[in-house]
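A.B. asks: Compact mmCIF, C-alpha atoms, saved as my_file.txt, coming up:
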# COMPACT_ATOMS: atom_id res chain seq x y z
CA MET A 125 0.00 0.00 0.00
CA SER A 126 1.20 3.46 -0.84
CA SER A 127 1.60 5.90 2.01
CA PHE A 128 -0.34 9.15 2.26
CA PRO A 129 1.39 12.56 2.47
CA ASP A 130 1.06 14.15 5.91
CA ASN A 131 -0.12 17.34 4.23
CA PRO A 132 -1.20 16.89 0.61
CA PHE A 133 -1.43 20.63 0.11
CA GLU A 134 2.28 21.23 0.62
CA ASP A 135 4.64 21.66 -2.32
CA ASP A 136 6.49 18.41 -1.67
CA ALA A 137 3.37 16.36 -2.46
CA ILE A 138 4.42 15.94 -6.09
CA PRO A 139 3.93 12.96 -8.41
CA ARG A 140 6.64 10.44 -9.01
CA THR A 141 7.68 9.94 -12.61
CA GLY A 142 7.65 6.45 -14.04
CA PRO A 143 9.13 4.92 -17.19
CA GLY A 144 8.83 7.09 -20.24
CA GLY A 145 8.18 10.18 -18.15
CA SER A 146 4.53 9.35 -17.39
CA SER A 147 3.30 9.94 -13.85
CA GLU A 148 2.38 6.76 -11.97
CA ILE A 149 1.37 8.37 -8.67
CA ASP A 150 -1.67 10.47 -7.88
CA ALA A 151 -0.43 13.80 -6.53
CA LEU A 152 -3.27 14.26 -4.06
CA THR A 153 -3.40 10.90 -2.30
CA GLY A 154 0.01 9.38 -3.00
CA LEU A 155 -1.75 6.32 -4.42
CA PRO A 156 -1.02 4.79 -7.83
CA ASN A 157 -2.95 6.46 -10.63
CA ARG A 158 -4.31 4.66 -13.68
CA ASN A 159 -0.85 4.34 -15.26
CA GLY A 160 0.61 3.00 -12.04
CA PHE A 161 -2.22 0.56 -11.53
CA LEU A 162 -2.05 -0.76 -15.09
CA GLY A 163 1.70 -1.07 -14.73
CA ALA A 164 1.24 -3.18 -11.60
CA LEU A 165 -1.15 -5.48 -13.44
CA ALA A 166 1.16 -5.74 -16.44
CA HIS A 167 4.15 -6.86 -14.39
CA VAL A 168 2.44 -9.76 -12.61
CA ASP A 169 4.08 -13.12 -13.20
CA PRO A 170 1.27 -15.70 -13.25
CA ARG A 171 3.72 -18.32 -12.02
CA GLN A 172 4.08 -16.38 -8.77
CA GLU A 173 0.31 -16.12 -8.33
CA ASP A 174 -0.40 -19.77 -7.65
CA GLY A 175 -2.91 -19.24 -4.85
CA ASP A 176 -6.55 -18.24 -5.09
CA GLY A 177 -8.07 -16.03 -7.73
CA PHE A 178 -8.23 -12.25 -7.65
CA ALA A 179 -10.82 -9.51 -7.96
CA ILE A 180 -10.90 -5.87 -8.99
CA VAL A 181 -13.34 -3.50 -7.32
CA ALA A 182 -14.10 -0.15 -8.97
CA LEU A 183 -15.67 2.55 -6.77
CA ASP A 184 -17.22 5.82 -7.97
CA ILE A 185 -17.90 8.36 -5.22
CA ASP A 186 -21.37 9.90 -5.42
CA GLN A 187 -22.09 13.52 -4.44
CA LEU A 188 -18.46 14.62 -4.69
CA ARG A 189 -19.36 17.28 -7.24
CA LEU A 190 -21.89 18.72 -4.78
CA ILE A 191 -19.16 19.11 -2.17
CA ASN A 192 -16.88 20.83 -4.68
CA GLU A 193 -19.65 23.20 -5.72
CA SER A 194 -20.95 23.99 -2.24
CA LEU A 195 -17.81 23.88 -0.08
CA GLY A 196 -15.04 24.34 -2.65
CA GLN A 197 -12.33 22.23 -4.30
CA VAL A 198 -10.21 22.07 -1.15
CA ALA A 199 -13.13 20.53 0.76
CA GLY A 200 -13.61 17.99 -2.02
CA ASP A 201 -9.93 17.10 -1.89
CA ARG A 202 -10.06 16.64 1.86
CA ALA A 203 -13.09 14.36 1.48
CA LEU A 204 -11.16 12.28 -1.06
CA LEU A 205 -8.18 12.06 1.28
CA SER A 206 -10.41 10.93 4.14
CA ILE A 207 -11.98 8.24 1.96
CA ALA A 208 -8.61 7.10 0.62
CA ALA A 209 -7.20 6.79 4.13
CA ASP A 210 -10.22 4.81 5.35
CA LEU A 211 -10.14 2.47 2.36
CA GLY A 212 -6.42 1.90 2.71
CA GLN A 213 -6.79 1.07 6.39
CA ALA A 214 -9.43 -1.57 5.62
CA LEU A 215 -7.28 -3.50 3.12
CA THR A 216 -4.51 -6.03 3.64
CA PRO A 217 -0.88 -5.22 2.76
CA ASN A 218 -1.22 -7.58 -0.21
CA ASP A 219 -4.03 -5.55 -1.80
CA VAL A 220 -3.49 -2.55 -4.08
CA LEU A 221 -5.54 0.65 -3.84
CA ALA A 222 -5.38 3.26 -6.62
CA ARG A 223 -7.14 6.47 -7.62
CA LEU A 224 -7.89 6.24 -11.33
CA ASP A 225 -9.79 9.47 -11.91
CA GLY A 226 -11.21 12.37 -9.95
CA ASP A 227 -13.84 10.41 -8.04
CA GLU A 228 -12.97 6.82 -8.98
CA PHE A 229 -10.94 4.47 -6.82
CA VAL A 230 -10.03 0.91 -7.70
CA VAL A 231 -8.92 -1.96 -5.49
CA TRP A 232 -7.02 -5.05 -6.60
CA LEU A 233 -7.85 -7.86 -4.16
CA ARG A 234 -5.31 -10.67 -4.35
CA ASP A 235 -5.66 -14.26 -3.09
CA VAL A 236 -9.47 -14.19 -3.17
CA PRO A 237 -11.03 -17.64 -2.60
CA ASP A 238 -14.27 -16.99 -4.48
CA VAL A 239 -16.57 -14.28 -5.79
CA ALA A 240 -18.71 -14.30 -2.62
CA PHE A 241 -15.67 -13.35 -0.55
CA ALA A 242 -14.83 -10.54 -2.98
CA GLU A 243 -18.41 -9.26 -2.81
CA ALA A 244 -18.30 -9.20 0.99
CA VAL A 245 -15.12 -7.08 0.86
CA ALA A 246 -16.64 -4.77 -1.77
CA GLN A 247 -19.76 -4.25 0.32
CA ARG A 248 -17.57 -3.47 3.33
CA LEU A 249 -15.72 -0.83 1.27
CA GLN A 250 -19.06 0.69 0.27
CA ARG A 251 -20.07 0.96 3.92
CA ILE A 252 -16.75 2.58 4.77
CA VAL A 253 -17.30 5.29 2.16
CA SER A 254 -20.82 5.93 3.44
CA ARG A 255 -19.74 6.74 7.00
CA PRO A 256 -20.48 10.34 7.99
CA ARG A 257 -17.27 12.40 7.84
CA GLU A 258 -16.50 15.99 8.80
CA VAL A 259 -15.07 18.26 6.12
CA GLN A 260 -14.19 21.85 7.07
CA GLY A 261 -16.62 21.80 9.99
CA THR A 262 -19.46 20.34 7.92
CA GLU A 263 -20.68 16.76 8.21
CA VAL A 264 -21.03 15.14 4.80
CA ILE A 265 -22.43 11.74 3.89
CA LEU A 266 -21.25 10.18 0.67
CA SER A 267 -22.06 6.91 -1.04
CA THR A 268 -20.42 4.93 -3.78
CA ALA A 269 -21.45 2.90 -6.78
CA CYS A 270 -19.43 -0.30 -7.03
CA GLY A 271 -18.44 -2.61 -9.87
CA LEU A 272 -16.74 -5.95 -9.22
CA ALA A 273 -15.02 -8.43 -11.52
CA TYR A 274 -13.54 -11.74 -10.36
CA ALA A 275 -11.08 -14.10 -12.05
CA ASP A 276 -10.11 -17.52 -10.75
CA SER A 277 -6.50 -17.24 -11.95
CA PHE A 278 -3.95 -14.80 -13.37
CA ASP A 279 -3.79 -16.67 -16.66
CA GLY A 280 -5.07 -14.45 -19.45
CA TYR A 281 -5.32 -10.69 -19.31
CA PRO A 282 -5.68 -9.00 -15.90
CA ARG A 283 -6.31 -5.68 -17.65
CA GLU A 284 -9.48 -7.16 -19.10
CA VAL A 285 -10.69 -7.79 -15.56
CA LEU A 286 -10.29 -4.06 -14.86
CA LYS A 287 -12.42 -3.31 -17.93
CA ASP A 288 -15.04 -5.76 -16.68
CA ALA A 289 -15.07 -4.09 -13.25
CA GLU A 290 -15.55 -0.66 -14.83
CA THR A 291 -18.32 -2.05 -17.04
CA ALA A 292 -20.04 -3.36 -13.92
CA LEU A 293 -19.50 0.04 -12.27
CA TYR A 294 -21.23 1.76 -15.20
CA ARG A 295 -24.23 -0.55 -14.76
CA ALA A 296 -24.29 0.07 -11.00
CA LYS A 297 -24.38 3.85 -11.54
CA ASN A 298 -27.30 3.44 -13.94
CA LEU A 299 -29.23 1.51 -11.29
CA GLY A 300 -29.02 4.39 -8.82
CA ARG A 301 -26.97 5.72 -5.95
CA GLY A 302 -25.04 3.31 -3.76
CA ARG A 303 -25.60 0.22 -5.91
CA MET A 304 -23.24 -2.68 -6.57
CA VAL A 305 -22.99 -4.93 -9.64
CA THR A 306 -20.82 -7.99 -10.18
CA PHE A 307 -19.65 -8.55 -13.74
CA GLU A 308 -20.79 -11.90 -15.04
CA GLN A 309 -20.01 -12.95 -18.58
CA GLN A 310 -23.31 -14.66 -19.15
CA HIS A 311 -25.14 -11.43 -18.33
CA SER A 312 -22.76 -9.08 -20.15
CA ARG A 313 -25.04 -8.20 -23.06
CA SER A 314 -28.75 -8.15 -22.38
CA PHE A 315 -30.22 -8.98 -19.00
CA ARG A 316 -33.19 -6.64 -18.80
CA ARG A 317 -35.17 -6.29 -15.60
CA PRO A 318 -38.40 -8.01 -16.78
CA GLU A 319 -36.37 -11.03 -17.86
CA ARG A 320 -34.50 -11.04 -14.56
CA GLU A 321 -37.73 -10.84 -12.53
CA ALA A 322 -39.29 -13.69 -14.53
CA GLU A 323 -36.17 -15.80 -14.02
CA LEU A 324 -36.20 -15.02 -10.29
CA LEU A 325 -39.85 -16.08 -10.00
CA ARG A 326 -39.16 -19.31 -11.87
CA ALA A 327 -36.32 -20.03 -9.46
CA LEU A 328 -38.61 -19.37 -6.48
CA ASN A 329 -41.28 -21.66 -7.92
CA ALA A 330 -38.67 -24.37 -8.42
CA GLU A 331 -37.22 -23.71 -4.94
CA SER A 332 -33.77 -23.30 -6.50
CA PHE A 333 -32.48 -21.18 -3.63
CA LYS A 334 -30.45 -23.05 -1.06
CA LEU A 335 -28.89 -22.01 2.21
CA HIS A 336 -25.19 -22.22 2.98
CA TYR A 337 -24.08 -21.99 6.60
CA GLN A 338 -21.07 -20.12 7.99
CA PRO A 339 -19.95 -21.23 11.48
CA ILE A 340 -20.08 -18.83 14.42
CA ILE A 341 -17.30 -19.74 16.84
CA SER A 342 -17.15 -19.32 20.60
CA LEU A 343 -13.81 -17.67 21.38
CA GLU A 344 -14.11 -18.68 25.00
CA ASN A 345 -14.21 -22.46 24.59
CA ASP A 346 -13.23 -23.03 20.94
CA ARG A 347 -16.36 -24.72 19.65
CA VAL A 348 -19.09 -24.08 17.11
CA ALA A 349 -21.82 -22.04 18.78
CA GLY A 350 -24.08 -21.58 15.75
CA PHE A 351 -24.29 -20.75 12.06
CA GLU A 352 -25.32 -17.80 9.93
CA SER A 353 -27.38 -18.97 6.96
CA LEU A 354 -26.85 -17.27 3.59
CA ALA A 355 -29.04 -17.64 0.50
CA ARG A 356 -27.42 -19.09 -2.62
CA TRP A 357 -28.90 -19.52 -6.12
CA GLU A 358 -27.47 -22.22 -8.33
CA LYS A 359 -28.26 -21.64 -12.01
CA ASP A 360 -26.90 -23.73 -14.86
CA GLY A 361 -24.36 -25.31 -12.54
CA GLN A 362 -23.01 -21.95 -11.28
CA LEU A 363 -23.82 -19.79 -8.28
CA VAL A 364 -25.50 -16.47 -9.11
CA SER A 365 -24.09 -13.62 -7.06
CA PRO A 366 -26.32 -12.52 -4.14
CA ALA A 367 -25.38 -8.97 -5.15
CA LEU A 368 -27.47 -9.58 -8.28
CA PHE A 369 -30.53 -11.35 -6.93
CA ILE A 370 -31.00 -9.89 -3.43
CA PRO A 371 -31.50 -6.26 -4.63
CA LEU A 372 -33.82 -7.53 -7.38
CA ALA A 373 -35.81 -9.58 -4.88
CA GLU A 374 -36.15 -6.55 -2.58
CA GLU A 375 -37.20 -4.18 -5.35
CA SER A 376 -39.70 -6.60 -6.90
CA GLY A 377 -41.20 -7.74 -3.60
CA ALA A 378 -40.04 -11.32 -4.16
CA ILE A 379 -37.93 -10.98 -0.99
CA ILE A 380 -41.06 -11.95 0.98
CA ARG A 381 -41.31 -15.36 -0.72
CA LEU A 382 -37.56 -15.82 -0.67
CA GLY A 383 -37.49 -15.05 3.05
CA GLN A 384 -40.29 -17.52 3.72
CA GLN A 385 -38.43 -20.28 1.88
CA MET A 386 -35.19 -19.52 3.70
CA VAL A 387 -36.86 -19.60 7.13
CA ASN A 388 -38.49 -22.95 6.33
CA GLN A 389 -35.21 -24.32 5.00
CA ALA A 390 -33.19 -23.17 8.02
CA VAL A 391 -35.64 -24.72 10.49
CA LYS A 392 -35.79 -27.96 8.49
CA THR A 393 -31.97 -28.07 8.52
CA LEU A 394 -32.03 -27.85 12.30
CA ALA A 395 -34.48 -30.76 12.39
CA ASP A 396 -32.23 -32.75 10.03
CA TRP A 397 -29.23 -32.09 12.29
CA ARG A 398 -31.24 -33.30 15.27
CA ALA A 399 -32.06 -36.50 13.38
CA ALA A 400 -28.32 -36.91 12.74
CA GLY A 401 -27.65 -36.94 16.49
CA ILE A 402 -26.91 -33.25 17.19
CA ASP A 403 -28.36 -31.66 20.32
CA ILE A 404 -29.70 -28.62 18.46
CA ASN A 405 -30.72 -26.96 21.73
CA LYS A 406 -27.00 -26.25 22.20
CA THR A 407 -26.64 -24.47 18.88
CA TYR A 408 -28.63 -22.14 16.63
CA VAL A 409 -29.00 -20.89 13.06
CA THR A 410 -29.50 -17.25 12.10
CA VAL A 411 -31.58 -16.11 9.12
CA ASN A 412 -31.14 -12.68 7.53
CA ALA A 413 -34.33 -10.66 7.19
CA ALA A 414 -34.79 -7.60 4.99
CA ALA A 415 -36.59 -4.50 6.20
CA ARG A 416 -39.49 -5.28 3.89
CA GLN A 417 -40.07 -8.61 5.61
CA PHE A 418 -40.75 -6.86 8.92
CA GLN A 419 -43.46 -4.87 7.16
CA ASP A 420 -45.25 -8.10 6.18
CA ASP A 421 -48.10 -9.20 8.43
CA ARG A 422 -47.33 -12.86 7.65
CA LEU A 423 -43.80 -12.85 9.10
CA TYR A 424 -44.73 -14.03 12.59
CA LYS A 425 -46.99 -16.79 11.25
CA VAL A 426 -44.31 -18.01 8.79
CA VAL A 427 -41.69 -18.34 11.53
CA ALA A 428 -44.02 -19.85 14.13
CA SER A 429 -45.46 -22.36 11.63
CA ALA A 430 -42.01 -23.52 10.51
CA LEU A 431 -40.90 -24.08 14.12
CA MET A 432 -44.10 -25.96 14.93
CA GLU A 433 -44.02 -28.11 11.78
CA HIS A 434 -40.49 -29.33 12.48
CA ASN A 435 -40.82 -29.35 16.29
CA VAL A 436 -37.83 -27.03 16.73
CA SER A 437 -37.44 -24.79 19.76
CA PRO A 438 -37.61 -21.05 18.96
CA SER A 439 -34.33 -20.60 20.88
CA CYS A 440 -32.56 -22.49 18.07
CA LEU A 441 -33.44 -19.75 15.59
CA ALA A 442 -32.21 -16.15 15.41
CA ILE A 443 -33.16 -13.37 13.02
CA GLU A 444 -30.46 -10.99 11.76
CA LEU A 445 -31.69 -7.53 10.80
CA THR A 446 -30.08 -4.19 10.12
CA GLU A 447 -31.27 -0.88 11.48
CA SER A 448 -32.88 -0.16 8.10
CA ALA A 449 -35.74 -2.34 9.38
CA PHE A 450 -36.34 0.24 12.10
CA ILE A 451 -36.16 3.43 10.02
CA GLY A 452 -39.62 4.95 9.84
CA SER A 453 -40.87 1.85 11.61
CA SER A 454 -44.61 1.23 11.69
CA LYS A 455 -46.73 -0.45 14.32
CA LEU A 456 -46.49 -3.66 12.29
CA VAL A 457 -42.68 -3.62 12.46
CA GLU A 458 -42.81 -3.30 16.24
CA GLU A 459 -45.45 -6.05 16.49
CA ASN A 460 -43.36 -8.43 14.38
CA PHE A 461 -40.23 -7.68 16.37
CA LYS A 462 -41.88 -8.06 19.80
CA GLY A 463 -43.96 -11.05 18.72
CA LEU A 464 -40.96 -13.04 17.49
CA GLN A 465 -38.98 -12.14 20.60
CA ASP A 466 -41.85 -13.18 22.87
CA LEU A 467 -42.02 -16.46 20.92
CA GLY A 468 -38.39 -17.09 21.91
CA VAL A 469 -36.65 -16.25 18.63
CA ARG A 470 -33.51 -14.20 19.21
CA MET A 471 -33.04 -10.89 17.35
CA LEU A 472 -29.51 -9.86 16.32
CA LEU A 473 -28.59 -6.40 15.02
CA ASP A 474 -26.26 -6.87 12.06
CA ASP A 475 -23.54 -4.48 10.80
CA PHE A 476 -23.58 -2.58 14.07
CA GLY A 477 -21.55 0.63 14.01
CA THR A 478 -21.98 1.43 10.32
CA GLY A 479 -25.35 3.15 10.59
CA TYR A 480 -26.31 6.55 11.90
CA SER A 481 -28.84 5.90 14.67
CA SER A 482 -28.18 2.47 16.13
CA LEU A 483 -28.11 3.66 19.74
CA SER A 484 -31.51 5.34 19.58
CA TYR A 485 -33.05 2.22 18.06
CA LEU A 486 -31.69 0.00 20.82
CA ALA A 487 -33.99 1.73 23.29
CA ARG A 488 -37.12 0.93 21.23
CA PHE A 489 -35.96 -2.44 19.92
CA PRO A 490 -33.94 -4.24 22.64
CA VAL A 491 -32.05 -6.81 20.57
CA ASP A 492 -30.56 -10.02 21.91
CA GLY A 493 -27.11 -9.56 20.36
CA LEU A 494 -24.90 -7.35 18.22
CA LYS A 495 -22.71 -8.19 15.23
CA ILE A 496 -19.63 -5.99 14.76
CA ASP A 497 -19.18 -5.03 11.13
CA ARG A 498 -16.19 -6.62 9.38
CA SER A 499 -14.78 -3.20 8.46
CA PHE A 500 -13.87 -2.58 12.11
CA VAL A 501 -12.49 -6.09 12.51
CA ASN A 502 -10.37 -5.83 9.36
CA ALA A 503 -8.68 -2.64 10.58
CA ILE A 504 -8.25 -3.69 14.20
CA GLU A 505 -4.56 -4.51 13.64
CA SER A 506 -3.79 -0.97 12.47
CA GLN A 507 -3.34 2.17 14.55
CA GLY A 508 -6.69 3.64 13.52
CA VAL A 509 -9.88 4.15 15.49
CA SER A 510 -11.23 0.64 14.96
CA GLY A 511 -9.77 -0.67 18.23
CA PRO A 512 -11.55 1.90 20.41
CA ILE A 513 -14.77 1.41 18.41
CA VAL A 514 -14.66 -2.34 18.99
CA LEU A 515 -14.04 -1.69 22.70
CA MET A 516 -16.98 0.72 22.78
CA VAL A 517 -19.32 -1.84 21.16
CA LEU A 518 -18.14 -4.57 23.53
CA GLY A 519 -18.61 -2.26 26.52
CA LEU A 520 -22.09 -1.27 25.39
CA ALA A 521 -23.08 -4.91 24.88
CA ARG A 522 -21.67 -5.84 28.27
CA ASN A 523 -23.75 -3.14 29.95
CA LEU A 524 -26.84 -4.32 28.08
CA GLY A 525 -26.10 -7.93 28.98
CA ILE A 526 -26.06 -9.17 25.38
CA PRO A 527 -23.39 -11.06 23.40
CA VAL A 528 -21.33 -9.80 20.45
CA VAL A 529 -20.34 -11.61 17.25
CA ALA A 530 -17.39 -10.18 15.30
CA GLU A 531 -17.70 -10.73 11.54
CA GLY A 532 -15.05 -11.14 8.88
CA ILE A 533 -12.23 -12.79 10.85
CA GLU A 534 -9.46 -13.52 8.37
CA THR A 535 -6.30 -13.92 10.49
CA GLU A 536 -5.12 -15.54 13.70
CA SER A 537 -4.01 -12.11 14.91
CA GLN A 538 -7.56 -10.74 14.58
CA ARG A 539 -8.88 -13.76 16.45
CA GLN A 540 -6.43 -13.30 19.30
CA LYS A 541 -7.00 -9.54 19.57
CA LEU A 542 -10.76 -9.91 19.68
CA LYS A 543 -10.54 -12.66 22.27
CA GLY A 544 -8.22 -10.45 24.34
CA LEU A 545 -10.73 -7.61 24.15
CA GLY A 546 -13.44 -9.87 25.55
CA CYS A 547 -15.41 -10.57 22.38
CA GLU A 548 -17.41 -13.76 22.86
CA TYR A 549 -18.05 -14.96 19.30
CA ALA A 550 -16.55 -14.65 15.84
CA GLN A 551 -17.10 -15.81 12.26
CA GLY A 552 -15.18 -15.45 9.03
CA TYR A 553 -13.16 -17.22 6.37
CA TYR A 554 -10.41 -17.86 8.92
CA PHE A 555 -12.67 -20.53 10.40
CA ALA A 556 -14.70 -21.59 7.36
CA LYS A 557 -16.48 -20.25 4.32
CA PRO A 558 -20.29 -20.68 4.08
CA LEU A 559 -20.94 -24.41 3.73
CA PRO A 560 -23.79 -26.45 2.18
CA GLY A 561 -26.01 -28.15 4.74
CA ASP A 562 -24.27 -31.55 4.74
CA ASP A 563 -20.81 -29.97 4.96
CA ALA A 564 -22.00 -27.72 7.78
CA LEU A 565 -23.25 -30.78 9.65
CA ALA A 566 -19.86 -32.47 9.24
CA TYR A 567 -18.13 -29.31 10.50
CA LEU A 568 -20.54 -29.15 13.44
CA LYS A 569 -19.90 -32.77 14.42
CA LYS A 570 -16.15 -32.20 14.30
CA TYR A 571 -16.08 -29.00 16.33
CA PHE A 572 -19.18 -29.26 18.51
CA GLU A 573 -17.48 -30.10 21.78
CA PRO A 574 -15.74 -27.40 23.86
CA GLY A 575 -12.06 -27.16 23.01
CA SER A 576 -12.46 -29.10 19.77
CA LEU A 577 -11.69 -26.18 17.48
CA ARG A 578 -7.99 -25.65 16.84
CA PRO A 579 -7.63 -23.36 13.80
Will you turn the file into structure tokens for me?
C.D. replies:
Amino acid sequence: MSSFPDNPFEDDAIPRTGPGGSSEIDALTGLPNRNGFLGALAHVDPRQEDGDGFAIVALDIDQLRLINESLGQVAGDRALLSIAADLGQALTPNDVLARLDGDEFVVWLRDVPDVAFAEAVAQRLQRIVSRPREVQGTEVILSTACGLAYADSFDGYPREVLKDAETALYRAKNLGRGRMVTFEQQHSRSFRRPEREAELLRALNAESFKLHYQPIISLENDRVAGFESLARWEKDGQLVSPALFIPLAEESGAIIRLGQQMVNQAVKTLADWRAAGIDINKTYVTVNAAARQFQDDRLYKVVASALMEHNVSPSCLAIELTESAFIGSSKLVEENFKGLQDLGVRMLLDDFGTGYSSLSYLARFPVDGLKIDRSFVNAIESQGVSGPIVLMVLGLARNLGIPVVAEGIETESQRQKLKGLGCEYAQGYYFAKPLPGDDALAYLKKYFEPGSLRP
């Protein structure tokens, strides 16, 4: 990672000159510019890249022009510097961050196991950009459109992957502010919305959506405590990116049916695990719920019926929701929340710390647990503010008497630091990627007993 000038407005913040006299460094941020980034891609030896695949994430900052026009160019530059610093802090030393154009950043993620992992990182970067930040005494809130392209090896033309990422970025910008699109070759020409909605409905009718389960680990006794379930769509032998079908399901209203199927599937999986000899009362599965689902008067009945049909205790199920479910909440949202809690289903607040009003919502909606966003976990090893933020969240949870799950654990160092800070639970690729039901059962059997997990 390139370092940032202490004061980018001083005369010594000048670009470095590369081969042929062309500048390879952005003068403002000290990051590689387009020439520098392309040069890095061009000099990769595929023989040295024998690990996982790689991904390129293109980010276009929304509303930057408004800052320039209302607060001036210097304010816009300071906003860019703040974003660049935050993005750089969230990446690993092996990744490459560059500023291609005025409001476009690009990230080269190396050693990426699969496209789902790359999408999780890209979504984290989007959330980082959207944090409120102070510029010249004024709080500004920005967002970013995001395009992602993934390749499973360095064979071929890495520059083409950059073009694919920027093509996906163009599509994301056309969809509206703050959107993300993953480039997929089979959808590169014509994939119009009516066709996509029809295909989504056919998949729902065929029950083509399956859950994968990512283990949640107890840091206290080294065993599997539970699993987060994540929807996957297999089409023509390949997994369709959730970044493609989840927004479509939410916009079309199909998220209600999808959510119903996922609840039923998660509860049935628990019953299957019980039949395989697991004491499911000592574990649990979480299901993600969109804000729109809490505005549906059938939500309580769907959950209660699934638990009754499969004779599963409500304590074995948890619902993950973000604070977007609470924004402008109606009486029905409160009834669904309280009704499920009274039933015995646990409610977990996901992505805690990335929103704007989480603390005020905790008073009205007393959740049963918090999940620390992976952006704070990823930067916990640096000298930034993430450490104190994690401590603050842990202290708040301790005072409320509720547990905390840290998301996105990728290294042993992160695991040890979080355990030292008193965090009870963790999940991430360090322990396991999301697993199909049978694989999750095998993982659970192997690491179910206290002390059995030795990463």
A.B. asks: Which neighbours of A:Met386 fall inside 10 Å, counting all atoms listed in the file, when residues of the same chain fewer than 2 positions from it are skipped, and could you give them as a PyMOL selection string?
C.D. replies: chain A and resi 331+333-335+353-355+380-384+388-392+411-413
A.B. asks: Take atom CA of A:Leu299 and atom CA of A:Leu266 and report the distance between them in Å, one decimal.
C.D. replies: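 Atom CA of A:Leu299 sits 16.8 Å away from atom CA of A:Leu266.
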A.B. asks: Ranking A:Leu183, A:Leu221, A:Gly532, A:Arg295 by minimum distance to A:Cys270 and counting all atoms listed in the file, which one comes first?
C.D. replies: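 Looking only at the distances to A:Cys270, the closest residue turns out to be A:Leu183.
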A.B. asks: With distances taken over all atoms listed in the file, which of A:Cys440, A:Ala182, A:Ala556, A:Ala242 is nearest to A:Arg303?
C.D. replies: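 Result for the nearest residue to A:Arg303: A:Ala182.
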A.B. asks: When you count all atoms listed in the file, which of these residues is closest to A:Asp210: A:Leu486, A:Ile252, A:Gly226, A:Pro371?
C.D. replies: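 Closest to A:Asp210, using all atoms listed in the file: A:Ile252.
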A.B. asks: Between atom CA of A:Glu263 and atom CA of A:Val514, what is the distance in Å, rounded to a tenth?
C.D. replies: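 Between these atoms lies a distance of 22.7 Å.
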A.B. asks: Could you please determine the separation between atom CA of A:Ala296 and atom CA of A:Asp276 in Å, to one decimal place?
C.D. replies: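 Answer for the atom CA of A:Ala296 to atom CA of A:Asp276 separation: 22.6 Å.
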A.B. asks: Closest to A:Leu233 among A:Ala415, A:Ile180, A:Val457, A:Leu559, using all atoms listed in the file?
C.D. replies: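 Looking only at the distances to A:Leu233, the closest residue turns out to be A:Ile180.
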A.B. asks: Show me the residues around (-32.2, -12.3, -5.6) - criterion: an atom at most 10 Å away, only C-alpha atoms counted - as a PyMOL selection string.
C.D. replies: chain A and resi 320-321+323-325+327-328+333+355-357+364-376+378-379+382
A.B. asks: For each of A:Phe461, A:Trp232, A:Trp397, A:Phe178, take the minimum atom-to-atom distance to A:Asp492, counting only C-alpha atoms, then give the residue where this is smallest.
C.D. replies: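 For A:Asp492, the nearest of the given residues is A:Phe461.
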A.B. asks: Choose the residue, out of A:Gly177, A:Pro237, A:Gly212, A:Gly154, that has the smallest atom-to-atom separation from A:Lys557; count only C-alpha atoms.
C.D. replies: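 Going through A:Gly177, A:Pro237, A:Gly212, A:Gly154 one by one, the smallest distance to A:Lys557 is for A:Pro237.
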A.B. asks: Could you name the residues that touch A:Asn218 at 8 Å or less, counting all atoms listed in the file, but leaving out those on the same chain fewer than 2 positions away, as a PyMOL selection string?
C.D. replies: chain A and resi 125+216+220+233-234
A.B. asks: Once you count all atoms listed in the file, which residues end up no further than 9 Å from (-18.8, 13.7, -5.4) in the file's frame, shown as a list in words?
C.D. replies: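 Output of the proximity query reads Asp184, Ile185, Asp186, Gln187, Leu188, Arg189, Leu190, Ile191, Asn192, Gly200, Ala203, Leu204, Gly226, Asp227, Leu266 and Ser267 of chain A.
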A.B. asks: Centre and edge lengths, as JSON, for the axis-aligned box enclosing every listed atom of stretch 144-163 of chain A with 5 Å of padding on each of the six sides, in Å to one decimal?
C.D. replies:
{"center_x": 2.3, "center_y": 6.6, "center_z": -11.3, "size_x": 23.1, "size_y": 25.3, "size_z": 27.9}
A.B. asks: Using the partial input, fill out stretch 518-523 of chain A with N, CA and C atoms; write the result as a short mmCIF file (atom, residue, chain, number, x, y, z; two decimals), in the frame of the given file.
C.D. replies:
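Just written: part03.cif:
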data_model
loop_
_atom_site.label_atom_id
_atom_site.label_comp_id
_atom_site.auth_asym_id
_atom_site.auth_seq_id
_atom_site.Cartn_x
_atom_site.Cartn_y
_atom_site.Cartn_z
N LEU A 518 -18.20 -3.50 22.53
CA LEU A 518 -18.14 -4.57 23.53
C LEU A 518 -18.60 -4.06 24.90
N GLY A 519 -18.18 -2.83 25.25
CA GLY A 519 -18.61 -2.26 26.52
C GLY A 519 -20.10 -2.01 26.57
N LEU A 520 -20.65 -1.51 25.47
CA LEU A 520 -22.09 -1.27 25.39
C LEU A 520 -22.85 -2.58 25.55
N ALA A 521 -22.41 -3.61 24.81
CA ALA A 521 -23.08 -4.91 24.88
C ALA A 521 -22.99 -5.49 26.28
N ARG A 522 -21.84 -5.32 26.91
CA ARG A 522 -21.67 -5.84 28.27
C ARG A 522 -22.64 -5.17 29.23
N ASN A 523 -22.82 -3.86 29.08
CA ASN A 523 -23.75 -3.14 29.95
C ASN A 523 -25.19 -3.53 29.68
#
